[in-house]
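*Asks:* One structure, pasted below without further comment.
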Amino acid sequence: MYDVIILGSGPAGLTAALYCGRANKQTLVMAGDTLGGQAASIATLENYPGWNGGGFDLIQFMKKQAESFGAKIEMLAAGHIATNADDTFSVTDTRGEKYNTRAIILATGAKPRQLEIQGAREFLGRGVSYCATCDGFFYSGKTVLVIGGGNSALNDALYLADIAKTVKIVYRKAEFTRAEAILRQRVVEKANIECLFNTDLKEISAKPDSESGELIATTLNDEQIVCDGIFVAIGHEANTDYLTEDIKRDELGRLEPDALPKGIFVAGDVRSGIKMQIATAVGTGCTAAMDAISYLNANAQ
């Protein structure tokens with residue numbers, strides 16, 4: 001029986017693990033399929049105080065820190081959560097193994113929202129990507145599109161601009177209304193970034209007779225944009241598929257802390273009402289852990 005099981009290994013989950021471990025609670029982190037979640041794929045972190053480096057290195061540091069206080073971190077993914085008769089919980093992983101715990105912290109984060117147009121799924125991994133830092137090196141000296149207009153899209157475009165010959169940002173609005181001013185300015189200053197405003201795609205297809213695997217992105221106005229790769233950054237959806245439908249979610253699928261069953265807490269991008277930043281993930285990870293520790297102490301067996 002664990003005192004607390006933390007689902008997710010991003011900054012929120014690892015912060016919660018650090019606090020629970022320091023409180024001498026038997027802590028298991030079910031890290032999911034990828035250690036660190038989205039944070040691990042960030043090439044350069046500029047807006048997390050006290051850190052000068054990449055996201056992967058930050059996650060490795062946080063992991064070691066949590067483990068130094070006894071937290072156990074395993075590459076396991078939750079498949080189902082059940083409440084036991086004695087008000088404890090059972091977490092079953094995707095392999096069918098069951099783990100019992102007195103409290104749970106949900107920190108499973110969010111995943112990129114899928115592009116739902118013709119060809120997007122067909123060419124996934126064959127020209128369409130949701131991770132610039134993972135797949136950008138394939139497009140050295142080539143032409144790529146970035147779809148989206150928020151911070152993630154502009155960051156991806158700036159990263160790819162140092163690899164690709166040309167980067168074209170495709171955005172359905174007339175200007176970048178959601179991205180930070182500093183990112184907008186950097187995009188303007190990059191000579192090989194072109195912004196295609198008021199542009200929306202309806203189809204992705206292979207360019208006929210292209211030996212290099214070029215794609216054609218067709219707009220709603222039937223204009224065709226030839227490119228070598230397409231990177232999608234159009235927002236995120238909360239990772240909550242493992243939860244039952246009776247758990248209350250907001251319009252983005254995120255969880256409301258006050259609506260969760262007693263003994264279950266939430267942190268990070270899966271929590272409603274917060275900005276999706278590493279700093280806020282860490283803060284909510286701390287809060288969730290302290291609330292869980294108080295709950296465990298008040299219900300000591």
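Following the order of the structure tokens, first chain is A, next is B, and so on, with residues numbered from 1 inside each chain and ligands from 1 in the order they appear.
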Got a sec to tell me which of segment 9-144 of chain A DSSP assigns to strand (DSSP E or B), as a PyMOL selection string?

*Replies:* chain A and resi 27-30+45+53+72-74+78-83+89-93+98-106+110-112+118+124+128-129+143-144

*Asks:* Among segment 138-198 of chain A, which residues does DSSP mark as alpha helix (DSSP H) when it is run on the backbone? Keep the chain and numbering as in the structure and answer as a short mmCIF file (atom, residue, chain, number, x, y, z; two decimals) with N, CA and C atoms, in the first residue's frame.

*Replies:*
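Okay, this is what ended up in result.cif:
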data_model
loop_
_atom_site.label_atom_id
_atom_site.label_comp_id
_atom_site.auth_asym_id
_atom_site.auth_seq_id
_atom_site.Cartn_x
_atom_site.Cartn_y
_atom_site.Cartn_z
N ASN A 151 1.91 30.54 -28.52
CA ASN A 151 3.32 30.46 -28.12
C ASN A 151 4.00 29.21 -28.65
N SER A 152 3.31 28.07 -28.59
CA SER A 152 3.91 26.82 -29.03
C SER A 152 4.25 26.87 -30.51
N ALA A 153 3.35 27.39 -31.32
CA ALA A 153 3.58 27.47 -32.76
C ALA A 153 4.76 28.38 -33.08
N LEU A 154 4.81 29.54 -32.44
CA LEU A 154 5.90 30.47 -32.73
C LEU A 154 7.23 29.95 -32.21
N ASN A 155 7.23 29.30 -31.07
CA ASN A 155 8.46 28.67 -30.58
C ASN A 155 8.95 27.59 -31.54
N ASP A 156 8.00 26.79 -32.04
CA ASP A 156 8.37 25.75 -33.00
C ASP A 156 8.96 26.38 -34.27
N ALA A 157 8.33 27.44 -34.75
CA ALA A 157 8.81 28.10 -35.96
C ALA A 157 10.23 28.65 -35.78
N LEU A 158 10.47 29.26 -34.63
CA LEU A 158 11.80 29.81 -34.35
C LEU A 158 12.84 28.71 -34.25
N TYR A 159 12.48 27.60 -33.64
CA TYR A 159 13.39 26.46 -33.54
C TYR A 159 13.70 25.91 -34.93
N LEU A 160 12.67 25.73 -35.73
CA LEU A 160 12.84 25.16 -37.07
C LEU A 160 13.57 26.11 -38.01
N ALA A 161 13.47 27.41 -37.77
CA ALA A 161 14.13 28.38 -38.63
C ALA A 161 15.65 28.23 -38.62
N ALA A 181 4.53 38.88 -26.92
CA ALA A 181 5.10 39.93 -27.78
C ALA A 181 6.54 39.63 -28.17
N ILE A 182 7.32 39.09 -27.24
CA ILE A 182 8.73 38.82 -27.54
C ILE A 182 8.88 37.76 -28.62
N LEU A 183 7.96 36.79 -28.64
CA LEU A 183 8.00 35.76 -29.68
C LEU A 183 7.57 36.32 -31.02
N ARG A 184 6.56 37.17 -31.00
CA ARG A 184 6.11 37.81 -32.25
C ARG A 184 7.24 38.62 -32.87
N GLN A 185 7.96 39.33 -32.03
CA GLN A 185 9.06 40.16 -32.53
C GLN A 185 10.18 39.29 -33.10
N ARG A 186 10.49 38.20 -32.46
CA ARG A 186 11.54 37.32 -32.96
C ARG A 186 11.16 36.70 -34.30
N VAL A 187 9.89 36.38 -34.45
CA VAL A 187 9.41 35.85 -35.73
C VAL A 187 9.59 36.88 -36.84
N VAL A 188 9.25 38.12 -36.55
CA VAL A 188 9.40 39.20 -37.54
C VAL A 188 10.86 39.35 -37.94
N GLU A 189 11.76 39.18 -36.99
CA GLU A 189 13.18 39.40 -37.25
C GLU A 189 13.86 38.25 -37.98
#

*Asks:* From the options A:Gly55, A:Gly70, A:Gly273, A:Pro11, which residue's atoms come nearest to Leu28 of chain A, counting only C-alpha atoms?

*Replies:*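 For Leu28 of chain A, the nearest of the given residues is A:Gly70.
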
*Asks:* Considering only C-alpha atoms, state which residue in the set A:Ile278, A:Ala300, A:Ala66, A:Ile169 is at the smallest distance from Ala17 of chain A.

*Replies:*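 Using only C-alpha atoms, Ala17 of chain A sits closest to A:Ala66.
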
*Asks:* List as an NGL selection string the protein and nucleic acid residues near His80 of chain A, meaning an atom at most 10 Å away when only C-alpha atoms are counted, but skip any in the same chain fewer than 4 places from it.

*Replies:* :A and (90-94 or 96 or 98 or 241-244)

*Asks:* Have a look at A:Met276, A:Ala85, A:Val128, A:Ala288 and name the one nearest to Ser205 of chain A; count only C-alpha atoms.

*Replies:*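 Distance minimum relative to Ser205 of chain A lands on A:Val128.
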
*Asks:* Please identify all polymer residues within 7 Å of segment 32-42 of chain A, counting only C-alpha atoms, omitting same-chain residues fewer than 2 positions from it, and present them as a PyMOL selection string.

*Replies:* chain A and resi 8-11+30+44-45+54-56+59+75-77+133

*Asks:* Excluding Thr166 of chain A and any residue of its chain fewer than 2 positions from it, enumerate the residues within 7 Å of it, using only C-alpha atoms, and give them as a ChimeraX atom specification.

*Replies:* /A:142-144,161,164,168,192-193

*Asks:* Compile the contact shell of segment 105-120 of chain A as JSON, numbers by chain: residues with an atom at most 9 Å away, counting only C-alpha atoms, same-chain residues fewer than 5 positions apart removed.

*Replies:* {"A": [4, 5, 6, 7, 8, 9, 10, 11, 12, 13, 16, 31, 32, 37, 38, 128, 130, 131, 201, 202, 203, 204, 205, 206, 232, 233, 234, 235, 236, 237, 238, 239, 240, 254, 263, 264, 265, 266, 267, 268, 269, 270, 271, 281, 285, 288, 289, 292]}

*Asks:* Using C-alpha atoms, can you write the selected residues to a file as a compact mmCIF listing (two decimals), in the first residue's frame?

*Replies:*
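Done, and the output landed in out-v1.txt:
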# COMPACT_ATOMS: atom_id res chain seq x y z
CA VAL A 4 0.35 8.40 -2.59
CA ILE A 5 0.50 7.49 -6.25
CA ILE A 6 1.28 10.32 -8.66
CA LEU A 7 0.16 9.89 -12.25
CA GLY A 8 2.45 11.77 -14.61
CA SER A 9 6.13 12.70 -14.64
CA GLY A 10 6.16 16.26 -15.93
CA PRO A 11 7.20 19.21 -13.75
CA ALA A 12 3.93 19.01 -11.77
CA GLY A 13 4.22 15.31 -11.02
CA ALA A 16 4.62 16.59 -6.09
CA ALA A 31 5.56 8.23 -15.23
CA GLY A 32 3.55 7.26 -18.30
CA GLY A 37 5.83 14.83 -20.77
CA GLN A 38 5.82 17.90 -23.00
CA VAL A 128 3.21 15.54 -40.48
CA TYR A 130 3.47 17.30 -33.58
CA CYS A 131 7.00 17.69 -32.17
CA LEU A 201 -6.02 24.20 -44.49
CA LYS A 202 -8.53 21.61 -45.66
CA GLU A 203 -6.33 18.85 -47.02
CA ILE A 204 -2.82 17.41 -47.02
CA SER A 205 -1.72 15.26 -49.93
CA ALA A 206 1.42 13.94 -51.57
CA VAL A 232 1.09 21.10 -35.99
CA ALA A 233 0.77 23.33 -32.89
CA ILE A 234 -2.93 24.13 -32.48
CA GLY A 235 -3.41 23.65 -28.76
CA HIS A 236 -3.71 20.79 -26.32
CA GLU A 237 -6.23 18.35 -24.84
CA ALA A 238 -6.10 17.05 -21.29
CA ASN A 239 -4.95 13.45 -20.79
CA THR A 240 -7.91 12.11 -18.83
CA ARG A 254 -9.35 19.53 -17.67
CA GLY A 263 -8.30 11.80 -1.52
CA ILE A 264 -7.69 12.66 -5.18
CA PHE A 265 -5.79 15.83 -6.10
CA VAL A 266 -4.76 17.43 -9.40
CA ALA A 267 -1.76 19.41 -10.66
CA GLY A 268 -0.27 20.77 -13.85
CA ASP A 269 -1.76 21.14 -17.32
CA VAL A 270 -4.57 18.70 -16.55
CA ARG A 271 -5.88 21.10 -13.87
CA ALA A 281 2.82 23.31 -13.15
CA GLY A 285 2.39 20.28 -8.00
CA ALA A 288 -1.45 19.23 -4.62
CA ALA A 289 1.31 17.50 -2.69
CA ALA A 292 -2.37 15.29 -0.13
